[in-house]
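Report on the structure given below.
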Number of protein chains: 2
Amino acid sequence: MEGIGSEAASLAAHLGLDNLCWIYDNNHITIEGNTRIAFTEDVAARFLAYGWNVLRVADANDTDRIEQALGVFQKTTGRPTFIVLDSHIGYGSPHKQDTAAAHGEPLGDDEIRLVKRGYGWPEDAKFLVPEGVYEHFSDGVGARGAKAREEWTKLIDTYRTKYPELAAEIDSDKNLPRFPADAKGIAGREASGKVLNVLAQNIPWFLGGSADLGPSNKTTLTFEGAGDFQAGNPGGKNFHFGIREHAMAAIVNGLSLSKLRAFGATFFIFSDYARPAIRLAALMELPGIFVFTHEAMSNGEDGPTHQPVEHLAAFRAIPGLITLRPADANEVVEAYRYIMQLRHQPVVLALSRQAFPTLDREKYASASGLAKGAYVLADAPGGDPEVILIASGSEVSLAVDAHEELIAEGIRSRVVSMPSWEIFEHQSKEYRDSVLPPKVTARISVEQASTFGWERYVGSSGRMIGMQTFGASAPLKELQRKFGFEPGRVVEVAKELLGRP
Amino acid sequence: MEGIGSEAASLAAHLGLDNLCWIYDNNHITIEGNTRIAFTEDVAARFLAYGWNVLRVADANDTDRIEQALGVFQKTTGRPTFIVLDSHIGYGSPHKQDTAAAHGEPLGDDEIRLVKRGYGWPEDAKFLVPEGVYEHFSDGVGARGAKAREEWTKLIDTYRTKYPELAAEIDSDKNLPRFPADAKGIAGREASGKVLNVLAQNIPWFLGGSADLGPSNKTTLTFEGAGDFQAGNPGGKNFHFGIREHAMAAIVNGLSLSKLRAFGATFFIFSDYARPAIRLAALMELPGIFVFTHEAMSNGEDGPTHQPVEHLAAFRAIPGLITLRPADANEVVEAYRYIMQLRHQPVVLALSRQAFPTLDREKYASASGLAKGAYVLADAPGGDPEVILIASGSEVSLAVDAHEELIAEGIRSRVVSMPSWEIFEHQSKEYRDSVLPPKVTARISVEQASTFGWERYVGSSGRMIGMQTFGASAPLKELQRKFGFEPGRVVEVAKELLGRP
């Protein structure tokens with residue numbers, strides 16, 4: 001019934017995934033009772049409509065028929081196979097078979113005894129493993145696995161020795177671009193597109209795509225031979241997930257489980273559709289890359305339906321997930337460099353639609369500071385700062401402008417670029433205190449998103465420049481004015497905080 | 001392609017909604033290009049599989065055929081109608097028709113001129129409204145609407161005068177239960193079930209249901225005549241949404257738009273599936289009621305996949321949405337009393353699976369304090385508190401136990417029950433400062449959820465007892481011990497904060 005199942009089934013048939021077989025346990029029971037209270041569609045006909053090969057087996061206990069059906073699946077080419085298998089939930093339980101209780105509740109000791117009796121199984125033993133099973137696994141499966149692993153390790157070691165250059169590619173971040181300082185700059189999504197194309201050329205198992213927003217997300221891999229992943233071209237690197245964000249994120253997880261490095265992309269606002277699968281990536285420690293462009297209010301005229309004000313906070317709240325909101329093109333590069341080293345953590349990468357300045361890294365600190373989550377980008381000359389401006393993404397260059405004004409007025413300000421809370425939290429206390437010295441309590445956060453959670457860094461005496469409401473429909477410049485995302489406003493708040501009007 | 005469409009279509013056919021007609025604009029274009037790159041299913045066959053009446057019109061400009069098809073729809077009973085309408089995106093644009101550009105980009109001035117020329121339409125006028133249209137609307141539609149509104153207002157006024165008792169039902173919260181103090185107490189979901197049954201009897205237009213978890217959510221309306229909302233029984237009050245959380249939340253929004261008061265329920269962990277529609281409820285200012293049980297770690301043995309540690313924070317981050325996490329059965333009652341007065345705000349109600357003590361409201365403050373979002377539940381005798389324990393939901397009684405221990409040891413502690421951040425934020429500064437006096441900086445939050453955001457209330461010198469990771473799989477009591485949700489731990493932290501070991 002879940003929508004994600006429909007999304008995935010539709011795409012699986014489109015892609016002609018003939019290695020895929022779904023067995024539909026047609027027991028007619030859900031927690032509320034018989035499925036007929038909420039679900040009366042013809043599931044087999046629906047899967048035929050998607051383009052699946054559809055088979056029926058009328059009795060889940062008829063193993064011969066199941067074997068036959070699986071044989072048909074193995075011979076089927078060009079489409080996935082769906083086997084409707086009629087079954088009885090709680091089969092063999094005299095009082096619970098075919099009832100919702102068999103789904104939602106434990107059978108209970110007495111009923112379990114009756115089931116075992118019916119099966120001719122020893123009634124008292126618990127967690128009984130019949131003779132031969134352990135042996136089968138430890139001698140068979142276990143030994144086979146150990147041997148395969150040993151052989152693989154040997155193979156890769158030999159390979160590394162014999163072909164050091166090719167082996168280096170495995171973790172390679174070679175040829176990543178470096179962007180020169182530029183007041184106009186380029187968009188976060190543009191920089192991301194350039195990096196993705198380099199990575200996919202460096203790393204044969206790097207692939208991904210967008211939920212029908214490739215041209216907007218700038219995630220299309222355009223180099224020669226990249227190609228589209230389609231039924232006829234399983235070597236293609238560009239996925240067209242269709243308008244199916246939830247299935248996309250789940251597929252990225254599946255690709256990650258297969259040890260491929262995969263990315264999925266859409267507008268940040270639509271990340272909500274994909275959220276359940278992104279949570280699972282964090283829980284399962286899968287290194288999926290979720291590229292979300294058009295973040296903050298960059299979808300100006302589209303209005304609040306397309307402006308993700310609360311999504312940064314909502315993702316920062318998921319344990320184990322890393323959110324990254326780079327400040328300029330070079331932070332985008334460093335973000336990917338960081339991401340490619342991860343093996344067990346998914347990343348949400350929030351990218352601007354609009355161009356933002358490429359900061360002058362001769363004048364300000366290197367973008368490599370991103371790897372620490374937050375770093376001092378610009379500092380006051382001579383002595384400790386009086387006020388700290390903490391910003392992420394497109395608001396970093398805004399904070400830098402405010403900083404220059406404050407410095408010119410003799411106020412010792414510091415700018416901290418904070419692309420990732422989670423990475424920063426994992427640094428030593430010493431490092432964190434060096435970036436945000438505890439004694440400097442005049443702190444201002446600037447982020448074009450809900451202020452929710454920013455109290456952690458600005459403390460009880462700080463101020464937050466951010467969103468308290470949904471956005472509005474207007475060109476971005478007007479929205480920035482309306483909601484106070486301008487250097488002048490930051491300067492004003494800084495002076496208020498310092499009592500220097 | 002979106003899964004929610006599949007969920008809704010399946011349910012619409014099941015419910016036999018013959019007043020519903022979907023027109024499928026079959027133009028074969030999405031942002032990435034022709035739909036054939038990601039979508040090759042037979043949509044008409046899929047809708048037949050759901051049980052819809054399916055029609056085709058081969059030309060979107062053939063208004064006669066469209067009228068005929070709509071005529072068939074109007075005569076169709078027992079099933080909704082799906083009209084596949086073949087069309088051309090950007091019809092009449094010589095350079096953009098049938099291209100993705102016509103979807104994702106403005107046509108541009110030159111192309112617009114060409115389209116107008118093709119249509120025989122004045123080429124220079126912009127926002128041109130032909131003669132007679134304004135008149136038709138202001139004399140016709142406008143006047144009709146004004147008259148209808150006036151008549152309705154008159155009717156309801158007369159009704160209120162003539163039948164004051166019946167009229168009072170409209171906002172009635174009569175017969176709501178009051179629960180006696182009880183150390184064992186009852187579960188939040190149980191209390192909720194009792195209240196829902198009273199409300200649905202009081203208010204004829206109050207209805208709702210669960211996404212296949214009615215028996216677990218305790219949302220089933222069991223009084224005589226409540227009945228199931230089904231194809232044959234449109235007066236039924238119990239919805240069986242099936243395992244379709246996203247469609248459920250969207251349907252609750254639709255019911256709310258129809259001025260019904262509707263609720264939808266599932267486990268709190270599955271709220272992620274419904275999140276995009278709940279965000280829309282907040283944006284559209286719809287008073288939907290989202291009942292989420294089995295919150296925090298109450299799904300003990302089911303493990304971290306079923307334990308919503310970050311969901312409170314993620315919902316608190318959505319502007320305009322109210323989250324409510326009641327502390328005992330009487331706070332559940334007050335929560336619904338508060339909810340029923342809302343007209344423009346959706347509510348996420350997080351309810352415990354397990355029994356929690358029904359607090360002694362003679363000894364502690366009245367549960368009616370819930371209406372202020374947070375209130376002083378228990379206080380130190382004599383003078384200002386030294387330490388404030390802030391808690392919500394099941395952790396409130398835990399905080400009360402810790403408080404009693406602290407008082408016994410001569411430490412002046414205060415317990416603040418904080419069921420809703422959003423409601424509390426809307427109180428006067430005076431009230432807020434009376435609950436959380438700024439000078440008392442020794443503060444501890446206790447909540448069985450991510451601590452994300454709690455810095456707002458505990459400040460820079462406070463402490464947070466909450467979750468930093470996903471949960472774990474074990475009976476609830478063991479999890480409480482593992483993660484420090486015990487009175488002894490709260491007492492310990494309070495003493496550390498006060499430097500009184």
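Labeling convention for the structure tokens: chains A, B, ... as they appear, residues from 1 per chain, ligands from 1 in order of appearance.
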DSSP-assigned strand (DSSP E) members of stretch 58-97 of chain B, reported as a PyMOL selection string: chain B and resi 81-86
Within 6 Å of chain B, which residues of chain A come that close, and what is the closest atom pair and distance in Å for each? Count only C-alpha atoms and give it as a Markdown table.
| residue | atom | partner | partner_atom | distance |
| --- | --- | --- | --- | --- |
| A:Met1 | CA | B:Ile243 | CA | 5.6 |
| A:Glu2 | CA | B:Arg244 | CA | 5.3 |
| A:Gly3 | CA | B:Gly3 | CA | 3.6 |
| A:Ile4 | CA | B:Gly3 | CA | 5.4 |
| A:Ser6 | CA | B:Gly3 | CA | 6.0 |
| A:Glu7 | CA | B:Gly3 | CA | 5.5 |
| A:His14 | CA | B:Thr40 | CA | 5.7 |
| A:Ile31 | CA | B:Asp212 | CA | 5.8 |
| A:Glu32 | CA | B:Asp212 | CA | 5.3 |
| A:Ala38 | CA | B:Gly242 | CA | 5.2 |
| A:Thr40 | CA | B:His14 | CA | 5.7 |
| A:Glu41 | CA | B:Tyr50 | CA | 4.4 |
| A:Asp42 | CA | B:Ala49 | CA | 5.0 |
| A:Ala45 | CA | B:Ala49 | CA | 5.2 |
| A:Arg46 | CA | B:Arg46 | CA | 4.9 |
| A:Ala49 | CA | B:Asp42 | CA | 5.0 |
| A:Tyr50 | CA | B:Glu41 | CA | 4.4 |
| A:Asp212 | CA | B:Glu32 | CA | 5.3 |
| A:His240 | CA | B:Ala38 | CA | 5.8 |
| A:Gly242 | CA | B:Ala38 | CA | 5.2 |
| A:Ile243 | CA | B:Met1 | CA | 5.6 |
| A:Arg244 | CA | B:Glu2 | CA | 5.3 |
| A:Asp272 | CA | B:Pro276 | CA | 5.7 |
| A:Pro276 | CA | B:Asp272 | CA | 5.7 |
| A:Glu310 | CA | B:Ala317 | CA | 5.5 |
| A:Ala314 | CA | B:Ala314 | CA | 4.3 |
| A:Ala317 | CA | B:Glu310 | CA | 5.5 |
| A:Ile318 | CA | B:Glu310 | CA | 5.7 |
| A:Pro319 | CA | B:Thr469 | CA | 5.2 |
| A:Phe452 | CA | B:Ala317 | CA | 5.9 |
| A:Gly453 | CA | B:Gly453 | CA | 4.1 |
| A:Glu455 | CA | B:Arg456 | CA | 5.6 |
| A:Arg456 | CA | B:Glu455 | CA | 5.6 |
| A:Gly459 | CA | B:Ser460 | CA | 5.3 |
| A:Ser460 | CA | B:Gly459 | CA | 5.4 |
| A:Thr469 | CA | B:Pro319 | CA | 5.2 |
Okay, now the selection with N, CA, C and O atoms, as a CSV table (one decimal), in the first residue's frame?
chain,number,residue,atom,x,y,z
A,1,MET,N,0.8,-1.2,0.0
A,1,MET,CA,0.0,0.0,0.0
A,1,MET,C,0.9,1.3,0.0
A,1,MET,O,0.5,2.3,-0.5
A,2,GLU,N,2.0,1.2,0.6
A,2,GLU,CA,2.9,2.4,0.8
A,2,GLU,C,3.3,2.9,-0.6
A,2,GLU,O,3.7,2.1,-1.5
A,3,GLY,N,3.3,4.2,-0.8
A,3,GLY,CA,3.6,4.8,-2.0
A,3,GLY,C,5.0,4.5,-2.5
A,3,GLY,O,5.2,4.4,-3.8
A,4,ILE,N,5.9,4.4,-1.6
A,4,ILE,CA,7.3,4.1,-2.1
A,4,ILE,C,7.4,2.8,-2.9
A,4,ILE,O,8.1,2.6,-3.8
A,6,SER,N,5.0,1.6,-4.9
A,6,SER,CA,4.6,1.9,-6.2
A,6,SER,C,5.6,2.6,-7.0
A,6,SER,O,5.8,2.3,-8.2
A,7,GLU,N,6.3,3.6,-6.4
A,7,GLU,CA,7.4,4.3,-7.1
A,7,GLU,C,8.5,3.3,-7.6
A,7,GLU,O,8.9,3.4,-8.7
A,14,HIS,N,10.4,-0.1,-15.7
A,14,HIS,CA,10.9,0.8,-16.7
A,14,HIS,C,12.4,0.4,-17.0
A,14,HIS,O,12.8,0.4,-18.2
A,31,ILE,N,-2.9,-5.0,10.4
A,31,ILE,CA,-3.1,-4.8,11.8
A,31,ILE,C,-4.6,-4.6,12.1
A,31,ILE,O,-5.2,-5.0,13.1
A,32,GLU,N,-5.3,-3.8,11.3
A,32,GLU,CA,-6.7,-3.5,11.5
A,32,GLU,C,-7.6,-4.6,11.1
A,32,GLU,O,-8.8,-4.5,11.4
A,38,ALA,N,-9.6,-1.7,3.5
A,38,ALA,CA,-8.9,-0.6,3.0
A,38,ALA,C,-8.2,-0.8,1.7
A,38,ALA,O,-7.7,0.2,1.1
A,40,THR,N,-8.7,-2.9,-2.0
A,40,THR,CA,-9.5,-3.9,-2.8
A,40,THR,C,-9.0,-3.8,-4.2
A,40,THR,O,-9.7,-4.3,-5.1
A,41,GLU,N,-7.9,-3.2,-4.5
A,41,GLU,CA,-7.4,-3.1,-5.9
A,41,GLU,C,-6.9,-4.5,-6.3
A,41,GLU,O,-6.7,-5.4,-5.5
A,42,ASP,N,-6.7,-4.7,-7.6
A,42,ASP,CA,-6.2,-5.9,-8.2
A,42,ASP,C,-4.7,-5.8,-8.3
A,42,ASP,O,-4.2,-5.2,-9.3
A,45,ALA,N,-3.0,-7.1,-11.5
A,45,ALA,CA,-3.2,-6.2,-12.7
A,45,ALA,C,-2.4,-4.9,-12.6
A,45,ALA,O,-1.9,-4.4,-13.6
A,46,ARG,N,-2.2,-4.4,-11.4
A,46,ARG,CA,-1.4,-3.2,-11.2
A,46,ARG,C,0.0,-3.5,-11.7
A,46,ARG,O,0.6,-2.7,-12.4
A,49,ALA,N,0.3,-3.6,-15.3
A,49,ALA,CA,0.3,-2.3,-15.9
A,49,ALA,C,1.7,-1.6,-15.8
A,49,ALA,O,2.1,-0.8,-16.7
A,50,TYR,N,2.4,-1.9,-14.7
A,50,TYR,CA,3.8,-1.4,-14.6
A,50,TYR,C,4.7,-2.0,-15.7
A,50,TYR,O,5.7,-1.4,-16.0
A,212,ASP,N,14.1,13.8,-11.5
A,212,ASP,CA,13.5,14.7,-12.6
A,212,ASP,C,14.0,16.1,-12.6
A,212,ASP,O,13.3,17.0,-13.1
A,240,HIS,N,17.9,8.3,-14.1
A,240,HIS,CA,16.7,9.2,-14.2
A,240,HIS,C,15.7,8.5,-13.2
A,240,HIS,O,15.0,7.6,-13.6
A,242,GLY,N,13.0,9.7,-12.1
A,242,GLY,CA,11.6,10.2,-12.2
A,242,GLY,C,11.2,11.0,-11.0
A,242,GLY,O,12.0,11.2,-10.1
A,243,ILE,N,9.9,11.4,-11.0
A,243,ILE,CA,9.5,12.3,-9.8
A,243,ILE,C,9.1,11.3,-8.7
A,243,ILE,O,8.0,11.1,-8.3
A,244,ARG,N,10.2,10.7,-8.1
A,244,ARG,CA,10.0,9.6,-7.1
A,244,ARG,C,11.1,9.8,-6.1
A,244,ARG,O,12.0,9.0,-6.0
A,272,ASP,N,11.8,16.3,2.1
A,272,ASP,CA,10.9,15.7,3.0
A,272,ASP,C,10.3,14.4,2.5
A,272,ASP,O,10.1,13.5,3.3
A,276,PRO,N,12.3,9.5,5.1
A,276,PRO,CA,12.3,8.2,5.8
A,276,PRO,C,13.5,7.4,5.4
A,276,PRO,O,14.1,6.7,6.2
A,310,GLU,N,12.8,25.1,7.3
A,310,GLU,CA,13.0,24.2,8.5
A,310,GLU,C,13.8,23.0,8.2
A,310,GLU,O,14.1,22.2,9.1
A,314,ALA,N,15.8,20.2,10.7
A,314,ALA,CA,15.2,18.8,10.7
A,314,ALA,C,16.2,17.7,10.4
A,314,ALA,O,16.2,16.7,11.0
A,317,ALA,N,18.9,17.3,13.2
A,317,ALA,CA,18.4,16.5,14.4
A,317,ALA,C,18.5,15.0,14.2
A,317,ALA,O,18.4,14.3,15.2
A,318,ILE,N,18.8,14.5,13.0
A,318,ILE,CA,18.9,13.1,12.8
A,318,ILE,C,20.3,12.6,13.2
A,318,ILE,O,21.3,13.0,12.7
A,319,PRO,N,20.4,11.7,14.2
A,319,PRO,CA,21.7,11.2,14.7
A,319,PRO,C,22.5,10.5,13.5
A,319,PRO,O,21.9,9.8,12.7
A,452,PHE,N,15.9,27.6,14.6
A,452,PHE,CA,15.8,26.5,15.6
A,452,PHE,C,17.1,25.8,15.8
A,452,PHE,O,17.7,25.2,14.9
A,453,GLY,N,17.5,25.8,17.1
A,453,GLY,CA,18.7,25.0,17.5
A,453,GLY,C,20.0,25.9,17.6
A,453,GLY,O,21.0,25.5,18.2
A,455,GLU,N,20.7,28.4,19.3
A,455,GLU,CA,21.0,28.7,20.7
A,455,GLU,C,22.3,28.0,21.1
A,455,GLU,O,23.0,28.5,22.0
A,456,ARG,N,22.5,26.8,20.6
A,456,ARG,CA,23.7,26.0,20.9
A,456,ARG,C,24.9,26.8,20.8
A,456,ARG,O,25.9,26.7,21.6
A,459,GLY,N,24.5,30.9,22.4
A,459,GLY,CA,24.4,31.0,23.8
A,459,GLY,C,23.3,31.9,24.3
A,459,GLY,O,22.5,32.5,23.4
A,460,SER,N,23.2,32.1,25.6
A,460,SER,CA,22.0,32.9,26.1
A,460,SER,C,22.1,34.4,25.8
A,460,SER,O,21.1,35.1,25.8
A,469,THR,N,9.3,32.2,10.4
A,469,THR,CA,8.1,31.9,9.7
A,469,THR,C,8.5,31.2,8.4
A,469,THR,O,9.6,31.0,8.1
Near B:Thr358, counting only C-alpha atoms, which residues have an atom at most 7 Å away, once you skip same-chain residues fewer than 3 positions from it, shown as a list of chain:residue names? B:Pro180, B:Ala181, B:Asp182, B:Ala183, B:Gly185, B:Asp328, B:Ala329
For the selection just defined, write its residues with N, CA and C atoms to a file, as a JSON list (two decimals), in the first residue's frame.
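Output below, filename again.json:
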[["chain", "number", "residue", "atom", "x", "y", "z"],
["B", 180, "PRO", "N", -8.64, 10.58, 37.90],
["B", 180, "PRO", "CA", -8.17, 10.70, 39.28],
["B", 180, "PRO", "C", -6.69, 10.36, 39.39],
["B", 181, "ALA", "N", -6.06, 10.94, 40.39],
["B", 181, "ALA", "CA", -4.64, 10.65, 40.63],
["B", 181, "ALA", "C", -4.44, 9.15, 40.75],
["B", 182, "ASP", "N", -3.35, 8.67, 40.16],
["B", 182, "ASP", "CA", -3.13, 7.22, 40.12],
["B", 182, "ASP", "C", -1.66, 6.98, 39.80],
["B", 183, "ALA", "N", -0.98, 6.36, 40.75],
["B", 183, "ALA", "CA", 0.47, 6.16, 40.58],
["B", 183, "ALA", "C", 0.77, 5.29, 39.36],
["B", 185, "GLY", "N", -1.49, 4.87, 36.73],
["B", 185, "GLY", "CA", -1.96, 5.69, 35.63],
["B", 185, "GLY", "C", -2.42, 4.89, 34.42],
["B", 328, "ASP", "N", 0.48, 13.47, 31.29],
["B", 328, "ASP", "CA", -0.36, 12.45, 31.93],
["B", 328, "ASP", "C", -1.76, 12.51, 31.31],
["B", 329, "ALA", "N", -2.63, 11.65, 31.81],
["B", 329, "ALA", "CA", -3.96, 11.54, 31.20],
["B", 329, "ALA", "C", -4.70, 12.88, 31.20]]
Using the chain letters and numbers from this document, which residues of stretch 234-424 of chain B does DSSP assign to helix (DSSP H, G or I), as a PyMOL selection string? chain B and resi 245-257+268-284+304-306+311-316+329-341+367-372+395-408+421-424
Which residues are near stretch 294-297 of chain B? Cut-off 7 Å, only C-alpha atoms, ignore same chain within fewer than 6 positions. Put them as JSON, numbers by chain. {"B": [267, 268, 307, 308, 309, 350, 351, 352, 353, 448, 449, 471, 476]}
Saved selection, atoms kept: C-alpha atoms, as a compact mmCIF listing (two decimals), in the first residue's frame:
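File written: selection.txt
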# COMPACT_ATOMS: atom_id res chain seq x y z
CA PHE B 267 3.12 5.50 15.21
CA PHE B 268 5.26 8.61 15.73
CA GLN B 307 11.99 4.79 18.09
CA PRO B 308 11.44 8.38 16.95
CA VAL B 309 14.27 10.20 18.75
CA ALA B 350 2.82 12.78 20.62
CA LEU B 351 1.37 10.13 22.93
CA SER B 352 2.93 7.44 25.04
CA ARG B 353 2.34 3.78 24.41
CA GLN B 448 13.29 10.97 25.93
CA ALA B 449 14.23 12.43 22.55
CA GLY B 471 17.72 4.18 20.45
CA LEU B 476 11.58 0.17 27.91
So, counting only C-alpha atoms, which residue among B:Leu370, B:Ile444, B:Ile29, B:Leu17 is closest to B:Ala494?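 The shortest atom-to-atom distance to B:Ala494 comes from B:Ile444.
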Closest of A:Ile112, A:Ala250, A:Leu107, A:Cys21 to A:Phe73 - atom-to-atom distances counting only C-alpha atoms: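 Among A:Ile112, A:Ala250, A:Leu107, A:Cys21, it is A:Cys21 that comes nearest to A:Phe73.
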Neighbour list for A:Ile83 as a list of chain:residue names, cut-off 9 Å, only C-alpha atoms, skip fewer than 3 positions in-chain: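 Using only C-alpha atoms, the neighbours found are A:Cys21, A:Trp22, A:Ile23, A:Tyr24, A:Asp25, A:Ala44, A:Asn53, A:Val54, A:Leu55, A:Arg56, A:Val57, A:Ile66, A:Ala69, A:Leu70, A:Phe73.
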Exercise: A:Arg261 partners within 10 Å, only C-alpha atoms, chain neighbours under 6 positions left out, as a PyMOL selection string: chain A and resi 200+203-208+252-253+255+286-289+340+343
Could those residues be written to a file, using C-alpha atoms, as a PDB file, in the first residue's frame?
ATOM      1  CA  ALA A 200      32.560  10.173 -11.708  1.00  0.00           C
ATOM      2  CA  ILE A 203      35.899   6.632  -9.717  1.00  0.00           C
ATOM      3  CA  PRO A 204      34.306   3.959 -11.894  1.00  0.00           C
ATOM      4  CA  TRP A 205      31.741   3.012  -9.224  1.00  0.00           C
ATOM      5  CA  PHE A 206      30.477   6.558  -8.629  1.00  0.00           C
ATOM      6  CA  LEU A 207      27.041   7.210 -10.108  1.00  0.00           C
ATOM      7  CA  GLY A 208      23.672   8.810  -9.437  1.00  0.00           C
ATOM      8  CA  VAL A 252      20.724   5.288  -3.289  1.00  0.00           C
ATOM      9  CA  ASN A 253      20.775   3.239  -0.077  1.00  0.00           C
ATOM     10  CA  LEU A 255      23.417   1.112  -4.329  1.00  0.00           C
ATOM     11  CA  LEU A 286      25.334   3.905   4.628  1.00  0.00           C
ATOM     12  CA  PRO A 287      27.381   6.600   2.866  1.00  0.00           C
ATOM     13  CA  GLY A 288      24.659   7.847   0.495  1.00  0.00           C
ATOM     14  CA  ILE A 289      25.079  11.358  -0.894  1.00  0.00           C
ATOM     15  CA  MET A 340      34.428  10.828  -0.513  1.00  0.00           C
ATOM     16  CA  ARG A 343      32.396   5.030   4.529  1.00  0.00           C
TER      17      ARG A 343
END
